[in-house]
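Novice: Just one file: final26.cif, with mmCIF, C-alpha atoms and all ligand atoms.
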```cif
data_final
loop_
_atom_site.label_atom_id
_atom_site.label_comp_id
_atom_site.auth_asym_id
_atom_site.auth_seq_id
_atom_site.Cartn_x
_atom_site.Cartn_y
_atom_site.Cartn_z
CA VAL A 1 -17.54 63.60 34.60
CA PHE A 2 -14.88 62.99 31.98
CA LEU A 3 -13.62 59.92 33.83
CA ALA A 4 -17.16 58.60 34.22
CA ALA A 5 -17.80 59.13 30.51
CA VAL A 6 -14.57 57.31 29.57
CA LEU A 7 -15.40 54.45 31.91
CA THR A 8 -18.93 54.13 30.55
CA LEU A 9 -17.71 54.28 26.97
CA GLY A 10 -15.00 51.72 27.73
CA ALA A 11 -17.46 49.38 29.38
CA GLY A 12 -19.88 49.82 26.48
CA ALA A 13 -17.20 49.07 23.89
CA GLY A 14 -16.00 46.09 25.90
CA TYR A 15 -19.54 44.77 26.13
CA LEU A 16 -20.00 45.19 22.37
CA VAL A 17 -16.74 43.34 21.58
CA ALA A 18 -17.61 40.56 24.03
CA TRP A 19 -21.12 40.31 22.55
CA ARG A 20 -19.80 40.06 18.99
CA LEU A 21 -17.21 37.44 20.00
CA THR A 22 -19.78 35.32 21.84
CA SER A 23 -22.30 35.58 19.00
CA GLY A 24 -19.61 34.31 16.57
CA ILE A 25 -18.57 31.55 18.96
CA GLU A 26 -22.22 30.68 19.45
CA ARG A 27 -22.68 30.19 15.70
CA VAL A 28 -19.59 27.96 15.50
CA SER A 29 -20.70 25.82 18.43
CA ASP A 30 -24.23 25.53 16.96
CA ALA A 31 -22.75 24.23 13.71
CA ALA A 32 -20.44 21.85 15.65
CA ARG A 33 -23.46 20.48 17.52
CA ARG A 34 -25.40 19.91 14.29
CA ILE A 35 -22.37 18.16 12.75
CA ALA A 36 -22.11 15.96 15.85
CA ASP A 37 -25.79 15.06 15.29
CA GLY A 38 -24.86 13.74 11.83
CA ASP A 39 -25.35 16.63 9.40
CA LEU A 40 -21.83 16.85 7.97
CA SER A 41 -22.79 19.55 5.47
CA GLN A 42 -23.13 22.24 8.18
CA ARG A 43 -20.92 25.32 7.70
CA VAL A 44 -20.79 28.67 9.48
CA GLY A 45 -21.71 31.69 7.32
CA ALA A 46 -19.30 34.66 7.12
CA LYS A 47 -20.40 37.77 9.03
CA HIS A 48 -17.09 39.62 9.36
CA GLU A 49 -17.47 40.36 13.04
CA SER A 50 -13.84 40.40 14.09
CA ASP A 51 -10.53 39.04 12.80
CA GLU A 52 -10.38 36.37 15.51
CA ILE A 53 -13.89 35.10 14.82
CA ASP A 54 -13.34 35.22 11.03
CA ARG A 55 -10.21 33.08 11.44
CA LEU A 56 -12.07 30.65 13.73
CA VAL A 57 -14.95 30.41 11.22
CA ASP A 58 -12.55 29.84 8.30
CA ALA A 59 -10.61 27.15 10.17
CA PHE A 60 -13.83 25.48 11.33
CA ASN A 61 -15.29 25.47 7.81
CA ALA A 62 -12.05 24.13 6.29
CA MET A 63 -11.95 21.35 8.89
CA SER A 64 -15.62 20.48 8.28
CA GLU A 65 -15.03 20.44 4.52
CA ASN A 66 -12.12 17.99 4.92
CA ASN A 67 -14.06 15.79 7.32
CA GLU A 68 -17.07 15.61 5.02
CA ALA A 69 -14.88 14.77 2.00
CA LEU A 70 -13.08 12.08 4.01
CA VAL A 71 -16.28 10.46 5.26
CA THR A 72 -17.82 10.55 1.76
CA GLU A 73 -14.65 8.96 0.33
CA LEU A 74 -14.68 6.29 3.05
CA ARG A 75 -18.33 5.51 2.32
CA THR A 76 -17.64 5.16 -1.40
CA VAL A 77 -14.62 2.93 -0.75
CA THR A 78 -16.53 0.62 1.60
CA ASP A 79 -19.44 0.43 -0.86
CA ASP A 80 -17.01 -0.40 -3.65
CA ILE A 81 -15.20 -3.05 -1.61
CA ALA A 82 -18.52 -4.61 -0.57
CA HIS A 83 -19.58 -4.68 -4.22
CA ASP A 84 -16.29 -6.15 -5.43
CA LEU A 85 -16.23 -8.85 -2.77
CA ARG A 86 -19.89 -9.79 -3.11
CA THR A 87 -19.47 -11.06 -6.68
CA PRO A 88 -16.70 -13.63 -5.97
CA LEU A 89 -18.40 -14.63 -2.71
CA THR A 90 -21.61 -15.34 -4.61
CA ARG A 91 -19.62 -17.44 -7.08
CA ILE A 92 -17.97 -19.42 -4.25
CA ARG A 93 -21.34 -20.05 -2.61
CA GLY A 94 -22.81 -21.16 -5.92
CA MET A 95 -19.97 -23.60 -6.54
CA ALA A 96 -20.23 -25.04 -3.02
CA GLU A 97 -23.98 -25.48 -3.31
CA VAL A 98 -23.85 -27.18 -6.70
CA THR A 99 -21.02 -29.47 -5.60
CA ALA A 100 -22.75 -30.44 -2.35
CA ALA A 101 -26.13 -31.03 -3.99
CA GLY A 102 -24.94 -33.28 -6.84
CA GLU A 103 -23.21 -36.65 -6.99
CA THR A 104 -19.77 -35.11 -7.15
CA SER A 105 -16.75 -37.29 -7.83
CA PRO A 106 -13.51 -36.79 -5.88
CA ASP A 107 -12.11 -35.08 -8.97
CA GLY A 108 -15.11 -32.76 -9.02
CA PHE A 109 -14.47 -31.85 -5.38
CA ARG A 110 -10.80 -31.24 -6.10
CA GLU A 111 -11.73 -29.00 -9.01
CA MET A 112 -14.14 -27.03 -6.88
CA CYS A 113 -11.52 -26.55 -4.15
CA GLY A 114 -9.06 -25.26 -6.75
CA ALA A 115 -11.61 -22.76 -8.05
CA VAL A 116 -12.46 -21.61 -4.51
CA ALA A 117 -8.76 -21.13 -3.71
CA GLU A 118 -8.38 -19.04 -6.88
CA GLU A 119 -11.33 -16.81 -5.97
CA CYS A 120 -9.91 -16.38 -2.45
CA ASP A 121 -6.52 -15.39 -3.88
CA SER A 122 -8.03 -12.70 -6.04
CA MET A 123 -10.11 -11.36 -3.13
CA MET A 124 -6.99 -11.30 -0.97
CA GLN A 125 -5.11 -9.45 -3.69
CA LEU A 126 -7.89 -6.90 -3.94
CA ILE A 127 -7.88 -6.28 -0.18
CA ASN A 128 -4.07 -6.02 -0.06
CA GLU A 129 -4.02 -3.57 -2.96
CA MET A 130 -6.70 -1.43 -1.32
CA LEU A 131 -4.73 -1.37 1.92
CA GLU A 132 -1.51 -0.51 0.12
CA ILE A 133 -3.13 2.39 -1.76
CA THR A 134 -4.59 3.80 1.46
CA ARG A 135 -1.30 3.40 3.30
CA THR A 136 0.65 5.07 0.48
CA GLU A 137 -1.88 7.92 0.29
CA SER A 138 -1.86 8.56 4.01
CA ALA A 139 1.95 8.26 4.17
CA ILE A 140 1.68 5.48 6.79
CA ASP A 141 4.01 3.47 4.53
CA ARG A 142 7.00 5.78 4.64
CA LEU A 143 8.88 5.90 1.36
CA GLU A 144 12.01 3.73 1.35
CA ARG A 145 14.09 6.23 -0.60
CA SER A 146 17.41 5.23 -2.11
CA GLU A 147 19.42 6.58 -5.01
CA PHE A 148 19.06 4.50 -8.18
CA SER A 149 19.18 4.83 -11.94
CA LEU A 150 15.74 5.63 -13.33
CA SER A 151 17.18 4.93 -16.80
CA GLY A 152 18.07 1.41 -15.63
CA LEU A 153 14.63 0.87 -14.13
CA VAL A 154 12.95 1.95 -17.39
CA ARG A 155 15.19 -0.36 -19.46
CA GLN A 156 14.41 -3.26 -17.08
CA ALA A 157 10.66 -2.58 -17.25
CA GLY A 158 10.88 -2.63 -21.06
CA ALA A 159 12.71 -5.97 -20.99
CA LEU A 160 10.20 -7.41 -18.52
CA PHE A 161 7.19 -6.49 -20.61
CA CYS A 162 8.61 -7.31 -24.04
CA GLU A 163 7.30 -10.89 -23.94
CA ILE A 164 3.80 -9.78 -22.94
CA ALA A 165 3.88 -7.21 -25.76
CA GLU A 166 4.97 -9.87 -28.24
CA ASP A 167 2.18 -12.20 -27.09
CA ARG A 168 -0.33 -9.43 -27.69
CA ASN A 169 1.24 -8.53 -31.01
CA VAL A 170 1.90 -4.97 -29.86
CA ALA A 171 5.22 -3.27 -30.66
CA LEU A 172 6.98 -2.03 -27.51
CA ALA A 173 9.62 0.69 -27.94
CA VAL A 174 11.78 1.89 -25.04
CA SER A 175 13.68 5.15 -25.20
CA VAL A 176 16.03 6.59 -22.56
CA PRO A 177 18.32 9.59 -22.99
CA GLU A 178 22.05 9.02 -23.40
CA GLN A 179 22.78 10.72 -20.14
CA GLU A 180 21.92 8.42 -17.20
CA ILE A 181 19.10 9.79 -14.99
CA ALA A 182 19.35 8.92 -11.30
CA ILE A 183 16.72 9.77 -8.66
CA ARG A 184 16.26 9.35 -4.90
CA ALA A 185 12.97 7.55 -4.56
CA ASP A 186 11.25 4.37 -3.41
CA LYS A 187 12.48 1.97 -6.10
CA LEU A 188 9.89 -0.77 -5.51
CA LYS A 189 7.06 1.74 -5.69
CA ILE A 190 8.40 3.38 -8.86
CA GLN A 191 8.74 -0.09 -10.41
CA ARG A 192 5.15 -0.81 -9.43
CA MET A 193 3.94 2.48 -10.92
CA THR A 194 5.77 1.90 -14.20
CA ALA A 195 4.49 -1.67 -14.43
CA ASN A 196 0.88 -0.57 -13.86
CA LEU A 197 1.11 2.06 -16.61
CA LEU A 198 2.74 -0.37 -19.05
CA ASP A 199 0.27 -3.11 -18.19
CA ASN A 200 -2.64 -0.76 -18.99
CA ALA A 201 -1.07 0.51 -22.20
CA LEU A 202 -0.59 -3.06 -23.45
CA LYS A 203 -4.00 -4.18 -22.24
CA PHE A 204 -5.92 -1.35 -23.90
CA THR A 205 -4.02 -1.43 -27.21
CA PRO A 206 -5.38 -3.81 -29.86
CA PRO A 207 -3.04 -6.17 -31.77
CA GLY A 208 -0.95 -4.35 -34.36
CA GLY A 209 -0.66 -1.28 -32.14
CA ARG A 210 2.34 0.35 -30.52
CA VAL A 211 3.40 1.26 -26.98
CA GLU A 212 6.26 3.65 -26.23
CA LEU A 213 7.97 3.88 -22.88
CA THR A 214 10.07 7.02 -22.77
CA LEU A 215 12.27 8.65 -20.15
CA ALA A 216 13.32 12.25 -20.73
CA LEU A 217 14.44 15.39 -18.95
CA ARG A 218 11.97 18.28 -19.29
CA ASN A 219 13.28 21.57 -17.86
CA GLY A 220 15.63 19.55 -15.71
CA ALA A 221 12.83 17.36 -14.34
CA PRO A 222 12.71 13.61 -15.07
CA VAL A 223 9.58 12.66 -17.02
CA LEU A 224 8.38 9.09 -17.49
CA GLU A 225 5.99 8.71 -20.38
CA VAL A 226 3.87 5.74 -21.49
CA ARG A 227 2.19 6.32 -24.86
CA ASP A 228 -0.10 3.89 -26.66
CA THR A 229 -2.21 3.63 -29.79
CA GLY A 230 -5.06 2.01 -27.85
CA CYS A 231 -8.76 2.67 -27.36
CA GLY A 232 -8.25 6.06 -25.67
CA ILE A 233 -10.31 7.68 -22.92
CA SER A 234 -13.18 10.15 -23.37
CA PRO A 235 -12.78 13.60 -21.75
CA ALA A 236 -15.61 12.85 -19.28
CA GLU A 237 -13.98 9.59 -18.16
CA LYS A 238 -10.49 11.11 -17.93
CA GLU A 239 -11.59 12.81 -14.69
CA LYS A 240 -12.55 9.53 -13.10
CA ILE A 241 -9.94 6.94 -14.10
CA PHE A 242 -7.76 7.57 -11.03
CA LYS A 243 -10.61 6.82 -8.64
CA ARG A 244 -10.51 3.44 -6.95
CA PHE A 245 -12.50 0.76 -8.82
CA TYR A 246 -13.38 3.07 -11.72
CA ARG A 247 -13.30 1.32 -15.09
CA CYS A 248 -14.42 2.91 -18.35
CA ASP A 249 -17.47 1.35 -20.00
CA ALA A 250 -15.43 0.13 -22.97
CA SER A 251 -12.98 -1.82 -20.79
CA ARG A 252 -15.27 -3.71 -18.40
CA THR A 253 -14.86 -6.92 -20.38
CA LEU A 254 -11.05 -6.87 -20.00
CA PRO A 255 -9.32 -8.23 -16.88
CA GLY A 256 -8.63 -5.79 -14.04
CA ASN A 257 -10.06 -4.44 -10.80
CA GLY A 258 -9.87 -0.68 -11.35
CA LEU A 259 -7.17 -0.16 -8.72
CA GLY A 260 -4.10 0.15 -10.97
CA LEU A 261 -4.30 3.88 -11.63
CA ALA A 262 -5.34 4.68 -8.04
CA MET A 263 -2.07 3.03 -7.04
CA VAL A 264 -0.15 4.95 -9.73
CA GLN A 265 -1.55 8.23 -8.43
CA ALA A 266 -0.87 7.39 -4.78
CA ILE A 267 2.76 6.53 -5.59
CA ALA A 268 3.28 9.61 -7.78
CA HIS A 269 1.81 11.94 -5.17
CA ALA A 270 3.86 10.36 -2.37
CA HIS A 271 6.92 11.37 -4.45
CA ARG A 272 5.44 14.84 -5.15
CA ALA A 273 5.29 13.90 -8.84
CA ARG A 274 2.52 15.13 -11.14
CA ILE A 275 0.56 13.00 -13.62
CA GLU A 276 -0.68 14.30 -16.97
CA VAL A 277 -3.00 12.37 -19.27
CA GLU A 278 -3.54 13.13 -22.92
CA SER A 279 -5.97 10.92 -24.74
CA GLU A 280 -8.12 10.74 -27.81
CA PRO A 281 -10.80 8.06 -28.06
CA GLY A 282 -9.97 5.61 -30.81
CA LYS A 283 -6.45 7.01 -31.26
CA GLY A 284 -4.55 6.38 -28.02
CA SER A 285 -3.37 7.78 -24.72
CA CYS A 286 -0.26 9.17 -23.12
CA PHE A 287 0.37 9.08 -19.36
CA SER A 288 3.25 11.27 -18.13
CA VAL A 289 4.70 11.23 -14.63
CA ILE A 290 6.62 14.44 -14.00
CA PHE A 291 8.99 14.19 -11.06
CA PRO A 292 10.10 17.28 -9.15
CA GLN A 293 13.46 18.62 -10.37
CA ASN A 294 15.38 17.57 -7.27
CA THR A 295 14.06 14.02 -6.90
P1 LIG A 301 -7.92 -1.62 -14.57
O1 LIG A 301 -6.81 -1.56 -15.58
O2 LIG A 301 -7.75 -2.70 -13.58
O3 LIG A 301 -9.28 -1.62 -15.21
P2 LIG A 301 -6.97 1.00 -13.75
O4 LIG A 301 -7.20 1.73 -12.47
O5 LIG A 301 -5.57 0.68 -14.10
O6 LIG A 301 -7.89 -0.28 -13.70
O7 LIG A 301 -7.58 1.88 -14.92
C1 LIG A 301 -8.90 2.40 -14.79
C2 LIG A 301 -9.56 2.50 -16.14
O8 LIG A 301 -8.94 3.55 -16.91
C3 LIG A 301 -9.43 1.27 -16.99
O9 LIG A 301 -10.41 0.31 -16.69
C4 LIG A 301 -9.59 1.84 -18.40
O10 LIG A 301 -10.96 2.00 -18.68
C5 LIG A 301 -8.95 3.21 -18.29
N1 LIG A 301 -7.55 3.19 -18.78
C6 LIG A 301 -6.42 3.12 -18.04
N2 LIG A 301 -5.32 3.14 -18.82
C7 LIG A 301 -5.76 3.22 -20.09
C8 LIG A 301 -5.12 3.28 -21.39
N3 LIG A 301 -3.79 3.26 -21.49
N4 LIG A 301 -5.91 3.37 -22.47
C9 LIG A 301 -7.25 3.40 -22.36
N5 LIG A 301 -7.92 3.34 -21.19
C10 LIG A 301 -7.19 3.25 -20.07
#
```
In structure tokens, write the structure found in this file.
Ligand code: ADP

Specialist:
Amino acid sequence: VFLAAVLTLGAGAGYLVAWRLTSGIERVSDAARRIADGDLSQRVGAKHESDEIDRLVDAFNAMSENNEALVTELRTVTDDIAHDLRTPLTRIRGMAEVTAAGETSPDGFREMCGAVAEECDSMMQLINEMLEITRTESAIDRLERSEFSLSGLVRQAGALFCEIAEDRNVALAVSVPEQEIAIRADKLKIQRMTANLLDNALKFTPPGGRVELTLALRNGAPVLEVRDTGCGISPAEKEKIFKRFYRCDASRTLPGNGLGLAMVQAIAHAHRARIEVESEPGKGSCFSVIFPQNT
């Protein structure tokens, strides 16, 4: 009788465990089916049935969360690219139509071809920049790390931009610590990042203003800082400026495509560096790139 009781109990418990496992698995596969049908927001609710099922549910939900974020991001990027390419394409079409319809002289044709080539160049640049950002973010473009002097790079960047600063009547001050700072990083990408930050600082600072490019060691970590006395960024917009194509309302009339800071962020993150932004509208901004201590 004892044996029979144990066997019955055992079978009962086994059945219960199996039932709970299958009910959990059932819920996960239901959600998977609904996601496959196109509803990416589907998640599996927590029921705390067993450790295994809880782990499966957590992993499934985390995966679904990532997939949904990725698809949403891809949709936004394609919408943005479509929008940014439509405008120059409309201009090209307009030019071609006007030129073809009128009595255009050979010089007029030549002029139109020049303008079309220019529009094509800027579209090409936009596409290449988009691709480069995506490749840097997804680590497809492996970093070409080499050891170089970050102090030297900062001094060079200052020298390179001093003419632009002069043209814009903005004072550019470069400051590097006495002790040389060397890092192991992708030099071309760090140059690109520094140039983008400097370019913005100079672009968004009115004549008579000042831009400071500073390299320092903070708690043993190299910090690259670009400070300006420009138009500043509102707290609400500060969240968005690193998104591709985002441009603050106040700066839409200035040249740019809204990809510069997306590139800066992709490069910084690829190097495990952190970016901090301090800004006060009307007063100025400061962008800091904080490298890890052992870069
Ligand atoms: P772009 O410079 O081509 O517009 P970015 O991605 O470099 O694009 O910058 C996004 C937006 O962030 C800019 O359009 C501008 O509104 C804002 N921004 C970036 N840097 C600064 C700065 N130093 N001062 C004020 N606004 C800035």

Novice: Report, in Å to a single decimal, how far apart CA of Phe245 (chain A) and CA of Leu74 (chain A) are.

Specialist: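 Interatomic distance, CA of Leu74 (chain A) to CA of Phe245 (chain A): 13.3 Å.
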
Novice: Between A:Ala236, A:Ala171, A:Val226, A:Met95, which residue has the minimum interatomic distance to ligand LIG 301 (chain A), considering all atoms listed in the file?

Specialist: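 Ranking A:Ala236, A:Ala171, A:Val226, A:Met95 by distance to ligand LIG 301 (chain A), first place goes to A:Val226.
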
Novice: Would you mind listing, for every residue of chain A within 6 Å of ligand LIG 301 (chain A), the two atoms forming the shortest contact and the distance between them in Å to one decimal, using all atoms listed in the file, sorted by chain and ascending residue number, as a tab-separated table?

Specialist:
```
residue	atom	partner	partner_atom	distance
A:Asn200	CA	A:LIG301	N2	4.7
A:Ala201	CA	A:LIG301	N3	3.9
A:Phe204	CA	A:LIG301	N4	4.9
A:Gly230	CA	A:LIG301	N4	5.6
A:Cys231	CA	A:LIG301	C9	5.3
A:Gly232	CA	A:LIG301	C9	4.4
A:Ile233	CA	A:LIG301	N5	5.2
A:Ile241	CA	A:LIG301	O8	4.5
A:Tyr246	CA	A:LIG301	C1	5.5
A:Arg247	CA	A:LIG301	O9	3.5
A:Cys248	CA	A:LIG301	O10	3.6
A:Ser251	CA	A:LIG301	O10	4.8
A:Gly256	CA	A:LIG301	O2	3.2
A:Asn257	CA	A:LIG301	O2	4.0
A:Gly258	CA	A:LIG301	O6	3.1
A:Leu259	CA	A:LIG301	O4	4.2
A:Gly260	CA	A:LIG301	O5	3.5
A:Leu261	CA	A:LIG301	O4	3.7
A:Ala262	CA	A:LIG301	O4	5.6
A:Ser285	CA	A:LIG301	N4	5.6
```

Novice: To one decimal place, how far is CA of Arg145 (chain A) from CA of Leu131 (chain A) in Å?

Specialist: 20.5 Å

Novice: Do a neighbour search on Asn294 (chain A) at 10 Å with all atoms listed in the file, toss out local chain neighbours closer than 5 positions, and write the hits as a list in words.

Specialist: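 Neighbouring residues, sequence-local ones excluded: Ile183, Arg184, Gly220, Ala221 and Pro222 of chain A.
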
Novice: Those selected residues, please, written with C-alpha atoms and delivered as a PDB file, keeping the file's coordinate frame.

Specialist:
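Saved result, selection.pdb, follows:
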```
ATOM      1  CA  ILE A 183      16.720   9.770  -8.660  1.00  0.00           C
ATOM      2  CA  ARG A 184      16.260   9.350  -4.900  1.00  0.00           C
ATOM      3  CA  GLY A 220      15.630  19.550 -15.710  1.00  0.00           C
ATOM      4  CA  ALA A 221      12.830  17.360 -14.340  1.00  0.00           C
ATOM      5  CA  PRO A 222      12.710  13.610 -15.070  1.00  0.00           C
TER       6      PRO A 222
END
```

Novice: Check the smallest atom-to-atom distance from each of A:Ala216, A:Leu254, A:Ala185, A:Ala13 to Ala268 (chain A) using all atoms listed in the file, then report the winner.

Specialist: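 That would be A:Ala185, the residue with the smallest distance to Ala268 (chain A).
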
Novice: Go through A:Arg244, A:Asp107, A:Ala165, A:Lys47 and flag the residue nearest Asp80 (chain A), using only C-alpha atoms for the distances.

Specialist: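 That would be A:Arg244, the residue with the smallest distance to Asp80 (chain A).
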
Novice: Between CA of Glu212 (chain A) and CA of Glu276 (chain A), what is the spacing in Å?

Specialist: 15.7 Å

Novice: Identify which of the residues A:Arg155, A:Cys286, A:Ser234, A:Ile275 lies closest to Arg210 (chain A), counting all atoms listed in the file when measuring atom-to-atom distances.

Specialist: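 The shortest atom-to-atom distance to Arg210 (chain A) comes from A:Cys286.
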
Novice: Go through A:Thr136, A:Ser146, A:Ser41, A:Asn219 and flag the residue nearest Ala62 (chain A), using all atoms listed in the file for the distances.

Specialist: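 For Ala62 (chain A), the nearest of the candidates is A:Ser41.
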
Novice: Can you tell me which residues surround region 189-193 of chain A at a distance of at most 9 Å, considering all atoms listed in the file, apart from same-chain residues fewer than 3 positions away, and format the answer as an MDAnalysis selection string?

Specialist: chainID A and resid 143:144 150 153:154 157 185:186 196:198 260:261 263:265 267:268

Novice: Return the single residue from A:Ile290, A:Leu172, A:Val44, A:Leu202 that is closest to Ala32 (chain A), with distances computed using only C-alpha atoms.

Specialist: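 The closest residue to Ala32 (chain A) is A:Val44.
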
Novice: Write out as a VMD selection string the residues lying within 9 Å of Arg91 (chain A), counting only C-alpha atoms and excluding same-chain residues fewer than 4 positions away.

Specialist: chain A and resid 86 to 87 95 to 96 116 119
